[in-house]
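Listing of work_33.csv; format and content: CSV, C-alpha atoms.
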```
chain,number,residue,atom,x,y,z
A,273,MET,CA,0.0,0.0,0.0
A,274,SER,CA,1.4,3.3,-0.9
A,275,VAL,CA,1.6,6.0,1.7
A,276,GLN,CA,-1.0,8.6,1.0
A,277,PRO,CA,-0.1,12.2,1.9
A,278,ALA,CA,-2.5,14.0,4.2
A,279,PRO,CA,-5.0,16.0,2.2
A,280,LEU,CA,-4.4,19.7,2.1
A,281,ALA,CA,-6.7,22.6,1.4
A,282,ALA,CA,-4.4,23.6,-1.4
A,283,ASP,CA,-5.5,20.5,-3.2
A,284,PHE,CA,-9.0,21.7,-3.3
A,285,PRO,CA,-10.2,22.0,-6.9
A,286,PRO,CA,-9.5,18.4,-7.7
A,287,GLY,CA,-8.4,17.8,-11.3
A,288,THR,CA,-7.1,15.1,-13.6
A,289,GLY,CA,-3.7,15.3,-11.8
A,290,ASP,CA,-5.3,13.5,-8.8
A,291,PHE,CA,-5.5,10.3,-10.9
A,292,ASP,CA,-1.7,10.1,-11.4
A,293,PHE,CA,0.3,8.0,-9.1
A,294,THR,CA,4.1,7.7,-8.7
A,295,SER,CA,5.9,4.4,-9.2
A,296,LEU,CA,5.8,1.9,-6.3
A,297,ILE,CA,9.4,1.0,-7.2
A,298,PRO,CA,11.5,3.9,-5.7
A,299,SER,CA,14.4,3.6,-8.1
A,300,LEU,CA,12.1,4.0,-11.1
A,301,ARG,CA,10.3,7.1,-9.7
A,302,GLY,CA,10.0,9.8,-12.4
A,303,ALA,CA,11.2,7.4,-15.1
A,304,GLU,CA,8.7,6.5,-17.9
A,305,ALA,CA,9.1,2.8,-17.1
A,306,GLY,CA,8.0,3.5,-13.5
A,307,GLN,CA,4.4,3.9,-14.7
A,308,ALA,CA,4.4,0.1,-15.3
A,309,PHE,CA,4.0,-0.5,-11.6
A,310,THR,CA,1.9,2.0,-9.6
A,311,LYS,CA,-0.9,1.8,-7.1
A,312,ILE,CA,-3.2,1.4,-10.0
A,313,SER,CA,-1.5,-1.6,-11.6
A,314,LEU,CA,-1.0,-3.2,-8.1
A,315,MET,CA,-4.8,-3.0,-7.7
A,316,VAL,CA,-5.4,-4.7,-11.1
A,317,TRP,CA,-3.1,-7.6,-10.1
A,318,ILE,CA,-5.0,-7.9,-6.8
A,319,ALA,CA,-8.3,-7.9,-8.6
A,320,ILE,CA,-7.1,-10.6,-11.0
A,321,ALA,CA,-5.7,-12.7,-8.2
A,322,LEU,CA,-8.9,-12.3,-6.1
A,323,VAL,CA,-11.1,-13.5,-8.9
A,324,ILE,CA,-9.0,-16.5,-9.9
A,325,ILE,CA,-8.3,-17.6,-6.3
A,326,PHE,CA,-12.0,-17.2,-5.4
A,327,PHE,CA,-13.2,-19.5,-8.1
A,328,LEU,CA,-10.4,-22.0,-7.7
A,329,VAL,CA,-10.9,-22.3,-3.9
A,330,ALA,CA,-14.7,-22.3,-4.2
A,331,TYR,CA,-14.6,-25.2,-6.7
A,332,ARG,CA,-11.6,-27.1,-5.4
A,333,ALA,CA,-13.7,-29.8,-3.9
A,334,PRO,CA,-17.3,-29.4,-5.1
A,335,LYS,CA,-19.9,-30.9,-2.9
A,336,LEU,CA,-23.5,-31.8,-3.5
A,337,VAL,CA,-24.5,-29.7,-0.5
A,338,PRO,CA,-22.5,-26.6,-1.2
A,339,THR,CA,-20.2,-24.9,1.3
A,340,LYS,CA,-20.5,-21.2,1.8
A,341,GLY,CA,-17.8,-20.3,-0.7
A,342,GLN,CA,-19.2,-22.7,-3.3
A,343,TRP,CA,-22.7,-21.3,-2.7
A,344,LEU,CA,-21.4,-17.8,-3.4
A,345,ALA,CA,-19.5,-18.7,-6.5
A,346,GLU,CA,-22.5,-20.7,-7.8
A,347,SER,CA,-24.9,-17.9,-7.1
A,348,ILE,CA,-22.8,-15.4,-9.0
A,349,TYR,CA,-22.4,-17.8,-11.9
A,350,GLY,CA,-26.1,-18.7,-11.8
A,351,PHE,CA,-27.0,-15.1,-11.7
A,352,VAL,CA,-25.0,-14.2,-14.8
A,353,ARG,CA,-25.9,-17.4,-16.7
A,354,ASP,CA,-29.7,-17.1,-16.1
A,355,GLY,CA,-30.1,-13.4,-15.6
A,356,VAL,CA,-27.8,-12.2,-18.4
A,357,ALA,CA,-26.7,-15.0,-20.8
A,358,LYS,CA,-30.0,-16.9,-21.0
A,359,GLU,CA,-32.2,-13.9,-20.8
A,360,VAL,CA,-30.5,-11.7,-23.3
A,361,ILE,CA,-28.9,-14.2,-25.7
A,362,GLY,CA,-31.1,-17.3,-25.2
A,363,ARG,CA,-30.1,-20.9,-25.2
A,364,GLU,CA,-27.1,-20.1,-27.5
A,365,GLY,CA,-25.7,-17.9,-24.8
A,366,LEU,CA,-24.8,-20.6,-22.4
A,367,PRO,CA,-21.3,-21.1,-23.9
A,368,PHE,CA,-20.6,-17.4,-23.2
A,369,ALA,CA,-21.7,-17.6,-19.6
A,370,PRO,CA,-18.2,-18.4,-18.2
A,371,TYR,CA,-16.7,-15.4,-20.0
A,372,LEU,CA,-19.5,-13.1,-18.9
A,373,THR,CA,-19.2,-14.3,-15.3
A,374,SER,CA,-15.5,-13.6,-15.1
A,375,LEU,CA,-16.0,-10.3,-16.9
A,376,PHE,CA,-18.8,-9.3,-14.4
A,377,LEU,CA,-16.8,-10.3,-11.3
A,378,PHE,CA,-13.6,-8.7,-12.5
A,379,ILE,CA,-15.2,-5.4,-13.3
A,380,LEU,CA,-17.1,-5.6,-10.0
A,381,VAL,CA,-13.9,-6.1,-8.0
A,382,MET,CA,-12.1,-3.4,-10.0
A,383,ASN,CA,-14.9,-0.9,-9.5
A,384,SER,CA,-15.2,-1.8,-5.8
A,385,PHE,CA,-11.7,-0.4,-5.2
A,386,ALA,CA,-13.3,3.0,-5.6
A,387,ILE,CA,-15.0,2.7,-2.2
A,388,ILE,CA,-12.7,0.3,-0.3
A,389,PRO,CA,-10.7,2.3,2.3
A,390,PHE,CA,-7.0,2.8,1.5
A,391,PHE,CA,-7.5,1.9,-2.1
A,392,GLN,CA,-10.3,4.5,-2.8
A,393,ILE,CA,-9.7,4.8,-6.5
A,394,SER,CA,-10.8,2.4,-9.2
A,395,PRO,CA,-8.3,1.3,-11.8
A,396,ASN,CA,-11.2,1.7,-14.2
A,397,SER,CA,-10.9,5.5,-13.8
A,398,HIS,CA,-7.9,5.2,-16.0
A,399,ILE,CA,-9.3,4.7,-19.5
A,400,ALA,CA,-6.6,2.1,-20.5
A,401,TYR,CA,-8.3,-0.7,-18.6
A,402,PRO,CA,-11.9,-0.1,-19.9
A,403,ILE,CA,-10.5,0.1,-23.4
A,404,ILE,CA,-8.9,-3.4,-23.1
A,405,LEU,CA,-12.1,-4.8,-21.7
A,406,ALA,CA,-14.2,-3.1,-24.5
A,407,VAL,CA,-11.8,-4.4,-27.1
A,408,LEU,CA,-12.2,-8.0,-25.7
A,409,SER,CA,-16.0,-7.7,-26.0
A,410,TYR,CA,-15.7,-6.2,-29.5
A,411,VAL,CA,-13.5,-9.0,-30.8
A,412,LEU,CA,-15.7,-11.5,-29.0
A,413,PHE,CA,-18.9,-10.5,-30.6
A,414,ILE,CA,-17.4,-10.1,-34.1
A,415,VAL,CA,-15.7,-13.6,-33.8
A,416,ALA,CA,-19.0,-15.1,-32.5
A,417,GLY,CA,-20.9,-13.7,-35.4
A,418,VAL,CA,-18.4,-14.7,-38.0
A,419,ARG,CA,-18.2,-18.2,-36.7
A,420,LYS,CA,-21.9,-18.6,-36.6
A,421,GLN,CA,-22.8,-17.1,-40.0
A,422,GLY,CA,-19.6,-17.0,-42.0
A,423,PHE,CA,-17.5,-13.9,-42.7
A,424,VAL,CA,-19.3,-12.6,-45.8
A,425,ARG,CA,-22.8,-13.3,-44.5
A,426,TYR,CA,-22.1,-11.8,-41.1
A,427,PHE,CA,-21.0,-8.4,-42.5
A,428,ARG,CA,-23.7,-8.5,-45.2
A,429,VAL,CA,-26.5,-9.0,-42.6
A,430,ASN,CA,-25.0,-6.3,-40.4
A,431,LEU,CA,-24.1,-3.7,-43.0
A,432,PHE,CA,-26.7,-4.3,-45.8
A,433,MET,CA,-29.9,-4.9,-43.9
A,434,PRO,CA,-32.0,-7.3,-46.0
A,435,GLY,CA,-35.5,-6.3,-47.0
A,436,ILE,CA,-35.1,-2.6,-47.7
A,437,PRO,CA,-35.0,-0.9,-51.2
A,438,TRP,CA,-31.4,-0.6,-52.4
A,439,PRO,CA,-31.1,3.2,-52.6
A,440,LEU,CA,-31.5,3.3,-48.8
A,441,TYR,CA,-28.2,1.5,-48.4
A,442,PHE,CA,-26.4,4.8,-49.1
A,443,LEU,CA,-28.0,6.1,-45.9
A,444,VAL,CA,-28.3,3.0,-43.8
A,445,THR,CA,-24.9,1.3,-44.3
A,446,PRO,CA,-22.8,4.2,-43.0
A,447,ILE,CA,-25.0,4.5,-40.0
A,448,GLU,CA,-24.8,0.8,-39.3
A,449,LEU,CA,-21.1,0.8,-39.8
A,450,ILE,CA,-20.6,3.7,-37.3
A,451,SER,CA,-23.1,2.5,-34.7
A,452,THR,CA,-22.1,-1.2,-34.7
A,453,PHE,CA,-18.4,-1.3,-35.4
A,454,ILE,CA,-17.2,2.1,-34.1
A,455,MET,CA,-19.5,3.5,-31.5
A,456,ARG,CA,-20.2,0.2,-29.7
A,457,PRO,CA,-16.6,-0.4,-28.3
A,458,VAL,CA,-16.1,3.4,-27.8
A,459,THR,CA,-19.3,3.8,-25.7
A,460,LEU,CA,-18.6,0.6,-23.8
A,461,ALA,CA,-15.2,1.8,-22.8
A,462,VAL,CA,-16.1,5.4,-22.2
A,463,ARG,CA,-19.2,4.6,-20.1
A,464,LEU,CA,-17.3,2.5,-17.6
A,465,PHE,CA,-14.3,4.9,-17.5
A,466,ALA,CA,-16.4,8.1,-17.2
A,467,ASN,CA,-18.6,6.6,-14.4
A,468,MET,CA,-15.6,5.6,-12.3
A,469,PHE,CA,-13.8,8.9,-13.1
A,470,ALA,CA,-16.8,11.0,-12.2
A,471,GLY,CA,-17.4,9.0,-9.1
A,472,HIS,CA,-13.9,9.5,-7.8
A,473,LEU,CA,-13.9,13.2,-8.7
A,474,MET,CA,-17.1,13.7,-6.9
A,475,LEU,CA,-15.8,12.0,-3.7
A,476,LEU,CA,-12.7,14.2,-4.0
A,477,VAL,CA,-14.7,17.4,-4.3
A,478,PHE,CA,-16.6,16.7,-1.1
A,479,THR,CA,-13.6,15.3,0.9
A,480,LEU,CA,-11.1,18.0,-0.2
A,481,GLY,CA,-13.8,20.6,0.0
A,482,GLY,CA,-14.4,19.6,3.6
A,483,VAL,CA,-10.7,19.8,4.4
A,484,ALA,CA,-10.5,23.3,2.7
A,485,MET,CA,-13.5,24.5,4.7
A,486,LEU,CA,-12.0,23.1,7.9
A,487,GLU,CA,-8.8,25.1,7.4
A,488,SER,CA,-10.7,28.2,6.7
A,489,ALA,CA,-10.3,31.2,9.2
A,490,ASN,CA,-14.1,31.8,9.3
A,491,PHE,CA,-15.7,29.9,12.2
A,492,PHE,CA,-19.0,29.3,10.4
A,493,VAL,CA,-17.3,28.0,7.3
A,494,LYS,CA,-15.3,25.7,9.5
A,495,GLY,CA,-18.5,24.3,11.1
A,496,LEU,CA,-20.2,23.8,7.8
A,497,SER,CA,-17.4,21.4,6.7
A,498,VAL,CA,-19.4,18.7,8.6
A,499,ALA,CA,-22.0,19.0,5.9
A,500,SER,CA,-19.3,18.4,3.2
A,501,PHE,CA,-18.0,15.3,5.0
A,502,ALA,CA,-21.5,14.0,5.5
A,503,MET,CA,-22.1,14.5,1.7
A,504,ALA,CA,-18.9,12.5,1.0
A,505,ILE,CA,-20.3,9.6,3.0
A,506,ILE,CA,-23.6,9.8,1.2
A,507,MET,CA,-21.9,9.9,-2.1
A,508,THR,CA,-19.8,6.8,-1.1
A,509,PHE,CA,-23.1,4.9,-0.8
A,510,PHE,CA,-24.3,6.3,-4.1
A,511,GLU,CA,-20.9,5.2,-5.6
A,512,PHE,CA,-21.6,1.7,-4.3
A,513,MET,CA,-24.7,1.6,-6.4
A,514,VAL,CA,-22.9,2.9,-9.5
A,515,VAL,CA,-20.2,0.3,-9.0
A,516,VAL,CA,-22.6,-2.6,-9.1
A,517,LEU,CA,-24.7,-1.1,-11.8
A,518,GLN,CA,-21.8,-0.4,-14.2
A,519,ALA,CA,-20.4,-3.9,-13.8
A,520,TYR,CA,-23.9,-5.3,-14.6
A,521,VAL,CA,-24.4,-2.9,-17.5
A,522,PHE,CA,-21.0,-3.7,-19.1
A,523,THR,CA,-21.8,-7.5,-18.9
A,524,MET,CA,-25.3,-7.0,-20.2
A,525,LEU,CA,-24.3,-4.9,-23.1
A,526,THR,CA,-21.6,-7.4,-24.1
A,527,ALA,CA,-24.2,-10.1,-24.0
A,528,SER,CA,-26.6,-8.0,-26.0
A,529,TYR,CA,-23.9,-7.4,-28.7
A,530,ILE,CA,-23.2,-11.1,-28.9
A,531,GLU,CA,-27.0,-11.7,-29.2
A,532,GLY,CA,-27.1,-9.2,-32.1
A,533,ALA,CA,-24.1,-10.9,-33.8
A,534,LEU,CA,-25.6,-14.4,-33.5
A,535,ALA,CA,-29.1,-13.4,-34.7
A,536,GLU,CA,-29.9,-14.6,-38.2
A,537,GLN,CA,-32.1,-11.5,-38.9
A,538,HIS,CA,-30.8,-8.0,-38.4
B,72,MET,CA,-13.5,35.1,-27.3
B,73,ASP,CA,-13.2,38.9,-27.6
B,74,LEU,CA,-16.7,39.2,-26.0
B,75,LEU,CA,-15.6,37.0,-23.1
B,76,ALA,CA,-12.5,39.0,-22.5
B,77,ALA,CA,-14.5,42.2,-22.6
B,78,VAL,CA,-16.9,41.2,-19.8
B,79,ASN,CA,-14.1,39.7,-17.8
B,80,ILE,CA,-15.3,36.1,-17.5
B,81,SER,CA,-12.7,33.6,-16.8
B,82,GLY,CA,-12.8,29.8,-16.2
B,83,GLN,CA,-13.5,26.7,-18.2
B,84,LEU,CA,-16.0,26.8,-21.1
B,85,GLY,CA,-16.0,23.0,-20.7
B,86,THR,CA,-18.1,23.3,-17.6
B,87,ILE,CA,-20.8,25.1,-19.5
B,88,GLY,CA,-20.5,22.5,-22.3
B,89,TYR,CA,-21.0,19.7,-19.9
B,90,GLY,CA,-24.1,21.4,-18.4
B,91,LEU,CA,-25.5,21.7,-21.9
B,92,ALA,CA,-24.6,18.1,-22.7
B,93,ALA,CA,-26.4,16.8,-19.6
B,94,ILE,CA,-29.8,18.3,-20.5
B,95,GLY,CA,-30.7,15.8,-23.1
B,96,PRO,CA,-29.6,12.7,-21.3
B,97,GLY,CA,-31.3,14.1,-18.1
B,98,ILE,CA,-34.6,14.2,-19.9
B,99,GLY,CA,-33.9,10.9,-21.6
B,100,VAL,CA,-33.2,9.0,-18.3
B,101,GLY,CA,-36.3,10.5,-16.8
B,102,ILE,CA,-38.4,9.2,-19.7
B,103,VAL,CA,-36.8,5.8,-19.5
B,104,PHE,CA,-37.6,5.4,-15.8
B,105,ALA,CA,-41.1,7.0,-16.2
B,106,ALA,CA,-41.9,4.5,-18.9
B,107,TYR,CA,-40.6,1.6,-16.7
B,108,ILE,CA,-42.7,2.7,-13.7
B,109,GLN,CA,-45.8,3.1,-15.9
B,110,ALA,CA,-45.3,-0.2,-17.6
B,111,SER,CA,-44.9,-2.1,-14.3
B,112,ALA,CA,-47.8,-0.3,-12.7
B,113,ARG,CA,-50.1,-1.3,-15.5
B,114,GLN,CA,-48.7,-4.8,-15.7
B,115,PRO,CA,-46.8,-5.7,-12.5
B,116,GLU,CA,-45.9,-9.2,-13.7
B,117,SER,CA,-43.8,-7.8,-16.5
B,118,ALA,CA,-41.6,-5.8,-14.0
B,119,GLY,CA,-38.8,-8.4,-13.9
B,120,PHE,CA,-38.7,-8.8,-17.7
B,121,ASN,CA,-38.6,-5.0,-18.2
B,122,ARG,CA,-35.9,-4.4,-15.7
B,123,THR,CA,-33.2,-5.8,-18.1
B,124,TRP,CA,-34.3,-3.4,-20.8
B,125,LEU,CA,-34.6,-0.6,-18.2
B,126,ILE,CA,-30.9,-0.9,-17.4
B,127,PHE,CA,-30.1,-1.2,-21.1
B,128,GLY,CA,-32.0,1.9,-22.1
B,129,PHE,CA,-30.6,3.8,-19.1
B,130,ALA,CA,-27.0,2.9,-20.0
B,131,VAL,CA,-27.4,3.9,-23.7
B,132,VAL,CA,-29.0,7.2,-22.9
B,133,GLU,CA,-26.5,8.0,-20.1
B,134,ALA,CA,-23.5,7.5,-22.4
B,135,LEU,CA,-24.1,10.9,-24.0
B,136,ALA,CA,-23.9,12.8,-20.7
B,137,LEU,CA,-20.7,10.9,-19.9
B,138,PHE,CA,-19.2,11.9,-23.3
B,139,GLY,CA,-19.9,15.5,-22.3
B,140,LEU,CA,-18.1,15.0,-19.0
B,141,VAL,CA,-15.1,13.3,-20.6
B,142,LEU,CA,-14.9,16.0,-23.3
B,143,ALA,CA,-15.1,18.8,-20.7
B,144,PHE,CA,-11.9,17.4,-19.2
B,145,ALA,CA,-10.2,16.3,-22.5
B,146,LEU,CA,-10.7,19.6,-24.3
B,147,GLN,CA,-9.6,21.9,-21.6
B,148,THR,CA,-7.6,24.8,-22.9
B,149,GLY,CA,-4.6,26.1,-21.1
B,150,ALA,CA,-5.0,23.7,-18.2
```
Once you've parsed the file, please lay out its structure as structure tokens.
Amino acid sequence: MSVQPAPLAADFPPGTGDFDFTSLIPSLRGAEAGQAFTKISLMVWIAIALVIIFFLVAYRAPKLVPTKGQWLAESIYGFVRDGVAKEVIGREGLPFAPYLTSLFLFILVMNSFAIIPFFQISPNSHIAYPIILAVLSYVLFIVAGVRKQGFVRYFRVNLFMPGIPWPLYFLVTPIELISTFIMRPVTLAVRLFANMFAGHLMLLVFTLGGVAMLESANFFVKGLSVASFAMAIIMTFFEFMVVVLQAYVFTMLTASYIEGALAEQH
Amino acid sequence: MDLLAAVNISGQLGTIGYGLAAIGPGIGVGIVFAAYIQASARQPESAGFNRTWLIFGFAVVEALALFGLVLAFALQTGA
């Protein structure tokens, strides 16, 4: 855990600089390679380890009457399989359930760091991580569609919608190209990133604002800092809701894109 | 920009831009949830089925406001 400096009133208007961390390896501090191992990347490793170890331990010795850990793992898997894969994609979605479950749990753990004390920032508030996750989903739904329908047929169904008069293709095809193959991964990444970014910024505003008010010379302003800290606590609960919702939304949109790629009709 | 300099306004235009960008999605998210409440009030047994699409619609509409937020930070001048 990196040592966090005490917040100062001078930090008050929080900005993008608050998302940068120095290297955890002291000799690399300041060097470009030092960015390879910061608090953020440490959290990503922890998240990966947590998800892998959790499923390995929960399913090491599966029993007919599940233990607590096994029950939890099975509930999460069951929730994603029935609530997302089966509901959105249908019976064909079952092979995708393991991927969707690991995706859901990984994003959930990554997002949860936003509100866990001493971590208090989600790695997903750096756009690099949502981009990789979005690219994975993007490749997955295109590969799923190509494998199901064949390369030519998949792009023909998606770009040249059957059953409309041909002059409309001048209008429809560019729209389809942009919305399906460009905007989908972009919105997927930006949505997750911006939610975690905005959430962290909001918590910073109220916490640093409270500190700034506390250090004020005016007695009344000093007293009002309690309201700012209370608001920070309320926003932490709100952030918890966003954390779970965004993990669910990312998983569900991935499932929905796979469903669209597998569908015979447009 | 000359006008802004003349009346002595300083600060980030991005903030105003984000405010403008949030209007549409704000209305949109309101409509999404209003439609969900209305649908499940008229037909309570469909509430579970509709919840999936509620989240879906919410996420799609919300994306535009988030674009505004990101652009407000990304396009800051002289920051």
Could you tell me which residues of chain B sit within 9 Å of chain A when counting only C-alpha atoms, and give me the result as a ChimeraX atom specification? /B:120,123,126-127,130-131,133-135,137-138,140-141,144
Print the selection's residues with C-alpha atoms to a file, as an mmCIF file, in the coordinates of the input.
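Generated output (part30.cif):
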```cif
data_model
loop_
_atom_site.group_PDB
_atom_site.id
_atom_site.type_symbol
_atom_site.label_atom_id
_atom_site.label_comp_id
_atom_site.auth_asym_id
_atom_site.auth_seq_id
_atom_site.Cartn_x
_atom_site.Cartn_y
_atom_site.Cartn_z
ATOM 1 C CA PHE B 120 -38.700 -8.800 -17.700
ATOM 2 C CA THR B 123 -33.200 -5.800 -18.100
ATOM 3 C CA ILE B 126 -30.900 -0.900 -17.400
ATOM 4 C CA PHE B 127 -30.100 -1.200 -21.100
ATOM 5 C CA ALA B 130 -27.000 2.900 -20.000
ATOM 6 C CA VAL B 131 -27.400 3.900 -23.700
ATOM 7 C CA GLU B 133 -26.500 8.000 -20.100
ATOM 8 C CA ALA B 134 -23.500 7.500 -22.400
ATOM 9 C CA LEU B 135 -24.100 10.900 -24.000
ATOM 10 C CA LEU B 137 -20.700 10.900 -19.900
ATOM 11 C CA PHE B 138 -19.200 11.900 -23.300
ATOM 12 C CA LEU B 140 -18.100 15.000 -19.000
ATOM 13 C CA VAL B 141 -15.100 13.300 -20.600
ATOM 14 C CA PHE B 144 -11.900 17.400 -19.200
#
```
Between CA of Gln392 (chain A) and CA of Val352 (chain A), measure the distance and give it in Å to one decimal. 26.6 Å
Figure out the distance between CA of Ala461 (chain A) and CA of Ala533 (chain A), please, to one decimal in Å.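 Separating CA of Ala533 (chain A) from CA of Ala461 (chain A) is a distance of 19.0 Å.
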Hey, can you check how far CA of Leu440 (chain A) sits from CA of Phe453 (chain A)?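 Between CA of Leu440 (chain A) and CA of Phe453 (chain A) the gap is 19.3 Å.
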Compile the contact shell of Gly99 (chain B) as number ranges by chain: residues with an atom at most 9 Å away, counting all atoms listed in the file, same-chain residues fewer than 3 positions apart removed. B: 94-96, 102-104, 129, 132-133
Taking only C-alpha atoms into account, which of B:Leu125, B:Ala112, B:Gly139, B:Tyr107 comes nearest Leu91 (chain B)?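 Of the candidates, the smallest distance to Leu91 (chain B) is held by B:Gly139.
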Can you tell me which residues surround Asp354 (chain A) at a distance of at most 9 Å, considering all atoms listed in the file, apart from same-chain residues fewer than 4 positions away, and format the answer as a PyMOL selection string? chain A and resi 349-350+358-359+366+369
Which polymer residues, protein or nucleic acid, are no farther than 12 Å from (-11.1, -2.9, -25.1), counting all atoms listed in the file, as a PyMOL selection string? chain A and resi 396+399-412+454+456-462+464-465+522+526
Under the rule that all atoms listed in the file are counted, which of A:Met485, A:Ala386, A:Leu443, A:Ile436 is the nearest residue to Thr508 (chain A)?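 The closest residue to Thr508 (chain A) is A:Ala386.
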Between B:Thr86, B:Ala110, B:Asn121, B:Val78, which has the minimum distance to Leu146 (chain B) (counting only C-alpha atoms)? B:Thr86
Block slice region 329-390 of chain A, C-alpha atoms, emitted as a short mmCIF file (atom, residue, chain, number, x, y, z; two decimals), in the first residue's frame:
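Below you can see selection-v7.cif, which holds the result:
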```cif
data_model
loop_
_atom_site.label_atom_id
_atom_site.label_comp_id
_atom_site.auth_asym_id
_atom_site.auth_seq_id
_atom_site.Cartn_x
_atom_site.Cartn_y
_atom_site.Cartn_z
CA VAL A 329 -10.95 -22.26 -3.92
CA ALA A 330 -14.73 -22.31 -4.23
CA TYR A 331 -14.63 -25.16 -6.71
CA ARG A 332 -11.62 -27.10 -5.42
CA ALA A 333 -13.73 -29.82 -3.86
CA PRO A 334 -17.30 -29.38 -5.11
CA LYS A 335 -19.93 -30.92 -2.87
CA LEU A 336 -23.54 -31.82 -3.52
CA VAL A 337 -24.53 -29.70 -0.53
CA PRO A 338 -22.46 -26.60 -1.25
CA THR A 339 -20.24 -24.93 1.29
CA LYS A 340 -20.52 -21.18 1.82
CA GLY A 341 -17.81 -20.30 -0.70
CA GLN A 342 -19.16 -22.71 -3.27
CA TRP A 343 -22.65 -21.35 -2.75
CA LEU A 344 -21.45 -17.79 -3.36
CA ALA A 345 -19.54 -18.74 -6.50
CA GLU A 346 -22.50 -20.74 -7.79
CA SER A 347 -24.92 -17.88 -7.07
CA ILE A 348 -22.79 -15.40 -9.00
CA TYR A 349 -22.38 -17.81 -11.89
CA GLY A 350 -26.06 -18.71 -11.78
CA PHE A 351 -27.05 -15.05 -11.74
CA VAL A 352 -24.99 -14.21 -14.82
CA ARG A 353 -25.93 -17.43 -16.66
CA ASP A 354 -29.67 -17.14 -16.06
CA GLY A 355 -30.06 -13.40 -15.64
CA VAL A 356 -27.77 -12.25 -18.42
CA ALA A 357 -26.67 -15.02 -20.80
CA LYS A 358 -29.97 -16.92 -20.98
CA GLU A 359 -32.23 -13.91 -20.75
CA VAL A 360 -30.47 -11.72 -23.29
CA ILE A 361 -28.90 -14.23 -25.71
CA GLY A 362 -31.13 -17.26 -25.20
CA ARG A 363 -30.06 -20.90 -25.24
CA GLU A 364 -27.10 -20.13 -27.51
CA GLY A 365 -25.74 -17.85 -24.80
CA LEU A 366 -24.80 -20.64 -22.41
CA PRO A 367 -21.27 -21.14 -23.89
CA PHE A 368 -20.63 -17.44 -23.22
CA ALA A 369 -21.73 -17.60 -19.57
CA PRO A 370 -18.23 -18.38 -18.15
CA TYR A 371 -16.69 -15.40 -19.95
CA LEU A 372 -19.54 -13.11 -18.92
CA THR A 373 -19.23 -14.26 -15.31
CA SER A 374 -15.49 -13.59 -15.11
CA LEU A 375 -16.03 -10.26 -16.86
CA PHE A 376 -18.76 -9.29 -14.40
CA LEU A 377 -16.79 -10.30 -11.33
CA PHE A 378 -13.56 -8.71 -12.54
CA ILE A 379 -15.23 -5.37 -13.29
CA LEU A 380 -17.11 -5.57 -9.99
CA VAL A 381 -13.88 -6.06 -8.02
CA MET A 382 -12.05 -3.37 -10.01
CA ASN A 383 -14.91 -0.91 -9.48
CA SER A 384 -15.22 -1.79 -5.80
CA PHE A 385 -11.75 -0.44 -5.16
CA ALA A 386 -13.33 2.99 -5.61
CA ILE A 387 -14.98 2.74 -2.19
CA ILE A 388 -12.73 0.34 -0.26
CA PRO A 389 -10.72 2.32 2.32
CA PHE A 390 -7.00 2.84 1.52
#
```
